[in-house]
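The data block below is work_16.json; it holds JSON, C-alpha atoms.
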```json
[["chain", "number", "residue", "atom", "x", "y", "z"],
["G", 1, "MET", "CA", -1.09, 27.02, -17.82],
["G", 2, "HIS", "CA", 0.18, 23.92, -19.67],
["G", 3, "THR", "CA", -0.04, 20.62, -17.77],
["G", 4, "ALA", "CA", 0.77, 17.03, -18.66],
["G", 5, "PRO", "CA", 0.42, 13.68, -16.86],
["G", 6, "HIS", "CA", 2.78, 13.33, -13.86],
["G", 7, "ASP", "CA", 2.96, 17.10, -13.24],
["G", 8, "ILE", "CA", 2.40, 18.18, -9.62],
["G", 9, "VAL", "CA", 0.04, 21.13, -9.29],
["G", 10, "LYS", "CA", -0.98, 23.38, -6.44],
["G", 11, "ILE", "CA", -4.72, 23.99, -6.66],
["G", 12, "LYS", "CA", -7.49, 26.13, -5.25],
["G", 13, "ARG", "CA", -9.98, 24.19, -3.16],
["G", 14, "ASP", "CA", -13.30, 23.99, -5.03],
["G", 15, "ALA", "CA", -16.41, 24.10, -2.85],
["G", 16, "SER", "CA", -18.40, 22.07, -5.39],
["G", 17, "ILE", "CA", -16.22, 18.97, -4.83],
["G", 18, "SER", "CA", -16.89, 16.53, -1.99],
["G", 19, "TRP", "CA", -13.32, 16.25, -0.76],
["G", 20, "PRO", "CA", -12.35, 13.05, 1.12],
["G", 21, "SER", "CA", -12.02, 13.29, 4.90],
["G", 22, "TRP", "CA", -8.25, 12.66, 4.72],
["G", 23, "CYS", "CA", -7.75, 15.65, 2.41],
["G", 24, "PRO", "CA", -5.48, 18.27, 4.04],
["G", 25, "GLU", "CA", -6.94, 21.62, 5.05],
["G", 26, "SER", "CA", -3.75, 23.47, 4.15],
["G", 27, "ASP", "CA", -2.15, 23.84, 0.70],
["G", 28, "LEU", "CA", -3.63, 21.35, -1.70],
["G", 29, "PHE", "CA", -1.40, 19.56, -4.21],
["G", 30, "ALA", "CA", -2.51, 17.05, -6.83],
["G", 31, "THR", "CA", -0.96, 15.02, -9.63],
["G", 32, "VAL", "CA", -2.10, 15.48, -13.22],
["G", 33, "ARG", "CA", -3.45, 12.15, -14.48],
["G", 34, "ARG", "CA", -4.53, 10.83, -17.84],
["G", 35, "GLY", "CA", -8.26, 11.02, -18.40],
["G", 36, "GLN", "CA", -10.87, 12.44, -20.70],
["G", 37, "VAL", "CA", -12.35, 15.61, -19.28],
["G", 38, "ALA", "CA", -14.35, 18.53, -20.63],
["G", 39, "PRO", "CA", -12.45, 21.27, -22.51],
["G", 40, "GLY", "CA", -10.78, 23.68, -20.11],
["G", 41, "GLN", "CA", -10.64, 21.03, -17.36],
["G", 42, "VAL", "CA", -7.62, 19.11, -16.03],
["G", 43, "ALA", "CA", -7.81, 15.48, -14.79],
["G", 44, "LEU", "CA", -6.22, 15.30, -11.34],
["G", 45, "GLY", "CA", -5.58, 12.87, -8.51],
["G", 46, "LEU", "CA", -5.02, 13.40, -4.79],
["G", 47, "ARG", "CA", -2.82, 11.09, -2.76],
["G", 48, "GLY", "CA", -3.19, 10.54, 0.95],
["G", 49, "ALA", "CA", -0.90, 8.92, 3.49],
["G", 50, "SER", "CA", -1.66, 5.37, 2.29],
["G", 51, "ARG", "CA", -2.21, 3.68, -1.07],
["G", 52, "SER", "CA", -5.91, 3.31, -0.25],
["G", 53, "GLN", "CA", -6.20, 7.09, -0.08],
["G", 54, "ARG", "CA", -6.51, 8.11, -3.72],
["G", 55, "PHE", "CA", -9.09, 10.52, -5.11],
["G", 56, "ALA", "CA", -9.65, 11.24, -8.82],
["G", 57, "PHE", "CA", -11.37, 14.46, -9.91],
["G", 58, "SER", "CA", -11.09, 17.31, -12.40],
["G", 59, "LEU", "CA", -10.89, 21.08, -12.04],
["G", 60, "PRO", "CA", -10.93, 24.05, -14.42],
["G", 61, "GLU", "CA", -7.48, 25.10, -15.61],
["G", 62, "GLU", "CA", -7.84, 28.43, -13.77],
["G", 63, "ALA", "CA", -7.99, 26.55, -10.43],
["G", 64, "ILE", "CA", -4.32, 25.61, -10.89],
["G", 65, "LEU", "CA", -2.03, 27.98, -9.01],
["G", 66, "SER", "CA", 1.35, 26.48, -9.97],
["G", 67, "VAL", "CA", 2.81, 23.56, -11.92],
["G", 68, "THR", "CA", 5.95, 21.51, -11.28],
["G", 69, "HIS", "CA", 7.04, 19.26, -14.16],
["G", 70, "PRO", "CA", 8.88, 16.00, -13.29],
["G", 71, "ASN", "CA", 11.99, 17.08, -15.22],
["G", 72, "GLU", "CA", 12.28, 20.14, -12.93],
["G", 73, "LEU", "CA", 13.00, 17.78, -10.02],
["G", 74, "VAL", "CA", 16.09, 15.96, -11.32],
["G", 75, "ASP", "CA", 18.63, 18.15, -9.50],
["G", 76, "GLN", "CA", 16.79, 18.44, -6.19],
["G", 77, "ILE", "CA", 18.45, 17.30, -2.99],
["G", 78, "LEU", "CA", 16.49, 15.58, -0.26],
["G", 79, "LEU", "CA", 17.92, 17.09, 2.90],
["G", 80, "GLU", "CA", 16.49, 14.81, 5.60],
["G", 81, "PRO", "CA", 19.45, 12.74, 6.86],
["G", 82, "ASN", "CA", 17.38, 9.72, 7.92],
["G", 83, "LYS", "CA", 15.94, 9.35, 4.40],
["G", 84, "GLN", "CA", 19.37, 9.10, 2.74],
["G", 85, "ARG", "CA", 19.46, 5.37, 3.51],
["G", 86, "TYR", "CA", 16.10, 4.71, 1.78],
["G", 87, "GLN", "CA", 16.51, 2.64, -1.39],
["G", 88, "VAL", "CA", 14.35, 5.11, -3.34],
["G", 89, "VAL", "CA", 16.80, 7.94, -2.52],
["G", 90, "LYS", "CA", 19.86, 5.82, -3.37],
["G", 91, "LEU", "CA", 18.31, 4.94, -6.76],
["G", 92, "TYR", "CA", 17.41, 8.59, -7.35],
["G", 93, "LYS", "CA", 21.07, 9.57, -6.82],
["G", 94, "GLN", "CA", 22.09, 6.87, -9.33],
["G", 95, "ALA", "CA", 19.52, 8.19, -11.81],
["G", 96, "GLN", "CA", 21.06, 11.66, -11.57],
["G", 97, "LYS", "CA", 24.33, 10.20, -12.87],
["G", 98, "ILE", "CA", 23.05, 7.55, -15.29],
["G", 99, "LEU", "CA", 20.37, 9.64, -17.06],
["G", 100, "VAL", "CA", 22.29, 12.93, -17.10],
["G", 101, "ASP", "CA", 22.23, 13.16, -20.93],
["G", 102, "HIS", "CA", 18.51, 12.37, -21.27],
["G", 103, "ASP", "CA", 15.27, 14.27, -20.74],
["G", 104, "TRP", "CA", 13.88, 12.58, -17.64],
["G", 105, "GLY", "CA", 11.94, 13.38, -14.52],
["G", 106, "VAL", "CA", 10.89, 12.09, -11.10],
["G", 107, "GLY", "CA", 7.34, 10.85, -10.50],
["G", 108, "GLY", "CA", 5.55, 8.86, -7.81],
["G", 109, "SER", "CA", 5.97, 9.48, -4.10],
["G", 110, "LEU", "CA", 9.51, 10.89, -4.36],
["G", 111, "GLY", "CA", 8.50, 13.33, -7.08],
["G", 112, "PHE", "CA", 5.55, 14.42, -4.96],
["G", 113, "GLU", "CA", 7.77, 14.98, -1.92],
["G", 114, "LEU", "CA", 10.43, 16.86, -3.91],
["G", 115, "ALA", "CA", 7.77, 19.10, -5.49],
["G", 116, "THR", "CA", 5.71, 19.83, -2.38],
["G", 117, "GLY", "CA", 7.90, 19.27, 0.66],
["G", 118, "ILE", "CA", 5.19, 16.99, 2.06],
["G", 119, "ASP", "CA", 6.57, 13.90, 3.82],
["G", 120, "THR", "CA", 5.59, 11.12, 1.39],
["G", 121, "ILE", "CA", 8.36, 8.55, 0.90],
["G", 122, "HIS", "CA", 9.05, 5.65, 3.26],
["G", 123, "PRO", "CA", 11.70, 2.88, 3.40],
["G", 124, "LYS", "CA", 9.79, 0.66, 0.94],
["G", 125, "SER", "CA", 8.94, 3.38, -1.63],
["G", 126, "ASP", "CA", 9.62, 2.58, -5.28],
["G", 127, "LEU", "CA", 11.39, 4.99, -7.59],
["G", 128, "ASP", "CA", 9.08, 6.10, -10.40],
["G", 129, "LEU", "CA", 10.78, 7.89, -13.26],
["G", 130, "VAL", "CA", 9.55, 9.34, -16.54],
["G", 131, "LEU", "CA", 11.70, 9.50, -19.64],
["G", 132, "TYR", "CA", 10.64, 11.84, -22.45],
["G", 133, "CYS", "CA", 11.34, 10.31, -25.87],
["G", 134, "GLU", "CA", 10.12, 12.11, -28.97],
["G", 135, "GLN", "CA", 11.33, 9.22, -31.13],
["G", 136, "LYS", "CA", 12.43, 5.64, -30.72],
["G", 137, "ALA", "CA", 16.07, 6.68, -31.17],
["G", 138, "ASP", "CA", 15.84, 8.61, -27.85],
["G", 139, "LEU", "CA", 15.51, 5.38, -25.84],
["G", 140, "PRO", "CA", 18.66, 4.81, -23.73],
["G", 141, "LEU", "CA", 19.32, 1.29, -25.06],
["G", 142, "ASP", "CA", 23.04, 1.49, -24.32],
["G", 143, "LEU", "CA", 22.36, 2.52, -20.71],
["G", 144, "VAL", "CA", 19.90, -0.33, -20.15],
["G", 145, "LYS", "CA", 22.61, -2.78, -21.24],
["G", 146, "ARG", "CA", 25.29, -1.04, -19.15],
["G", 147, "TYR", "CA", 23.19, -0.67, -15.96],
["G", 148, "PRO", "CA", 20.73, -3.59, -15.98],
["G", 149, "THR", "CA", 20.41, -3.73, -12.17],
["G", 150, "PHE", "CA", 19.45, -0.05, -11.96],
["G", 151, "PHE", "CA", 16.82, -0.29, -14.70],
["G", 152, "ASP", "CA", 15.43, -3.47, -13.16],
["G", 153, "GLN", "CA", 14.86, -1.68, -9.83],
["G", 154, "VAL", "CA", 13.08, 1.44, -11.10],
["G", 155, "ASP", "CA", 9.64, 1.88, -12.62],
["G", 156, "LEU", "CA", 10.45, 3.91, -15.70],
["G", 157, "GLN", "CA", 7.63, 5.15, -17.91],
["G", 158, "VAL", "CA", 8.58, 6.31, -21.39],
["G", 159, "ILE", "CA", 6.55, 9.36, -22.44],
["G", 160, "THR", "CA", 5.89, 9.92, -26.15],
["G", 161, "LYS", "CA", 3.47, 12.21, -27.99],
["G", 162, "LYS", "CA", 0.96, 9.35, -28.01],
["G", 163, "GLY", "CA", 1.13, 8.38, -24.32],
["G", 164, "GLY", "CA", 3.26, 6.45, -21.85],
["G", 165, "PHE", "CA", 4.54, 2.87, -21.63],
["G", 166, "LEU", "CA", 6.80, 0.93, -19.27],
["G", 167, "LEU", "CA", 10.38, 0.55, -20.43],
["G", 168, "LYS", "CA", 10.61, -2.90, -18.75],
["G", 169, "GLU", "CA", 7.63, -4.16, -20.74],
["G", 170, "TYR", "CA", 9.11, -2.79, -23.95],
["G", 171, "PHE", "CA", 12.34, -4.74, -23.42],
["G", 172, "GLN", "CA", 10.62, -7.85, -22.10],
["G", 173, "TYR", "CA", 8.27, -8.16, -25.09],
["G", 174, "PRO", "CA", 10.05, -6.48, -28.04],
["G", 175, "ASP", "CA", 7.92, -8.20, -30.69],
["G", 176, "LYS", "CA", 4.53, -7.88, -29.00],
["G", 177, "LYS", "CA", 2.00, -5.11, -28.60],
["G", 178, "ILE", "CA", 2.73, -2.88, -25.61],
["G", 179, "LEU", "CA", 0.24, -1.31, -23.22],
["G", 180, "LEU", "CA", 0.25, 2.42, -24.01],
["G", 181, "LYS", "CA", -1.49, 4.72, -21.54],
["G", 182, "THR", "CA", -3.25, 7.43, -23.52],
["G", 183, "LEU", "CA", -5.61, 10.27, -22.61],
["G", 184, "ALA", "CA", -8.46, 8.12, -23.96],
["G", 185, "GLY", "CA", -7.43, 5.13, -21.86],
["G", 186, "PRO", "CA", -4.97, 2.22, -22.19],
["G", 187, "VAL", "CA", -4.49, 0.52, -25.57],
["G", 188, "LEU", "CA", -2.38, -2.43, -26.74],
["G", 189, "THR", "CA", -0.36, -1.28, -29.72],
["G", 190, "TYR", "CA", 2.90, -1.49, -31.69],
["G", 191, "ASP", "CA", 2.50, 2.23, -32.53],
["G", 192, "LEU", "CA", 4.16, 3.91, -29.54],
["G", 193, "TRP", "CA", 5.42, 7.01, -31.35]]
```
Have the structure of the file written as structure tokens, please.
Amino acid sequence: MHTAPHDIVKIKRDASISWPSWCPESDLFATVRRGQVAPGQVALGLRGASRSQRFAFSLPEEAILSVTHPNELVDQILLEPNKQRYQVVKLYKQAQKILVDHDWGVGGSLGFELATGIDTIHPKSDLDLVLYCEQKADLPLDLVKRYPTFFDQVDLQVITKKGGFLLKEYFQYPDKKILLKTLAGPVLTYDLW
């Protein structure tokens, strides 16, 4: 089963792992993270109710029961009426219109909630997006100029074959090396594609 960073996976509980006390007893979902692991393993992270509840681990690929990719979440509707006023939901609705012609996806707490149905977002949640760009020409330069307020309010990570980098940093420092998150760890580089 193919996985990539930011995917949400449903997993089998492994008895060999010392799970944190806050880990749910019911269905277990994790986020695929970047990290070097043994062949046949997947680097994963659990999220709890607070930012301090994060747990990094790895499991064999066969322990993954299902995979949800961020770009499978772009047309989802969050049905809870009281969450419609959250800024993260308002920005998500804008993203659905602004990024319609691009290959993008939803990450972070909103992506996790959309993929799992687990109550994760709160009024101060940020909107984390991923934008898949096989080449530099795929960057939405015209949209960034047309909707500067939107792009300033979201955390958008550009995903290339070599890793991921923040769109804001790319525009803020166009002539400098950019921090690229790779499977081997973060590197400062001009070579993003």
Discussion item. I'd like the neighbourhood of Leu156 in chain G as a count of residues only, where a residue qualifies if any of its atoms comes within 7 Å (using all atoms listed in the file), though same-chain residues fewer than 2 positions away should be ignored.
Written reply: 8
Discussion item. Nearest residue to Phe29 in chain G out of G:Ser109, G:Gln76, G:Thr182, G:Thr116, using only C-alpha atoms?
Written reply: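 That would be G:Thr116, the residue with the smallest distance to Phe29 in chain G.
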Worksheet item: Could you state the separation of CA of Leu110 in chain G and CA of Tyr86 in chain G in Å, given to one decimal place?
Response: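 Computed distance, CA of Leu110 in chain G to CA of Tyr86 in chain G, equals 10.9 Å.
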Fill in: Counting only C-alpha atoms, the option among G:Tyr190, G:Trp104, G:Tyr92, G:Phe112 closest to Leu28 in chain G
G:Phe112
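Between Ser26 in chain G and the residues G:Pro140, G:Ile118, G:Pro39, G:Leu73, the shortest atom-to-atom distance, using all atoms listed in the file, involves G:Ile118.
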Against range 55-69 of chain G, which residues of range 96-177 of chain G fall within 10 Å? For each one I want the closest pair of atoms and the distance in Å (one decimal), counting only C-alpha atoms, rows by chain and increasing residue number, as CSV.
```
residue,atom,partner,partner_atom,distance
G:Gly105,CA,G:His69,CA,7.7
G:Val106,CA,G:His69,CA,8.7
G:Gly107,CA,G:His69,CA,9.2
G:Gly111,CA,G:His69,CA,9.4
G:Phe112,CA,G:Thr68,CA,9.5
G:Leu114,CA,G:Thr68,CA,9.8
G:Ala115,CA,G:Thr68,CA,6.5
G:Thr116,CA,G:Thr68,CA,9.1
```
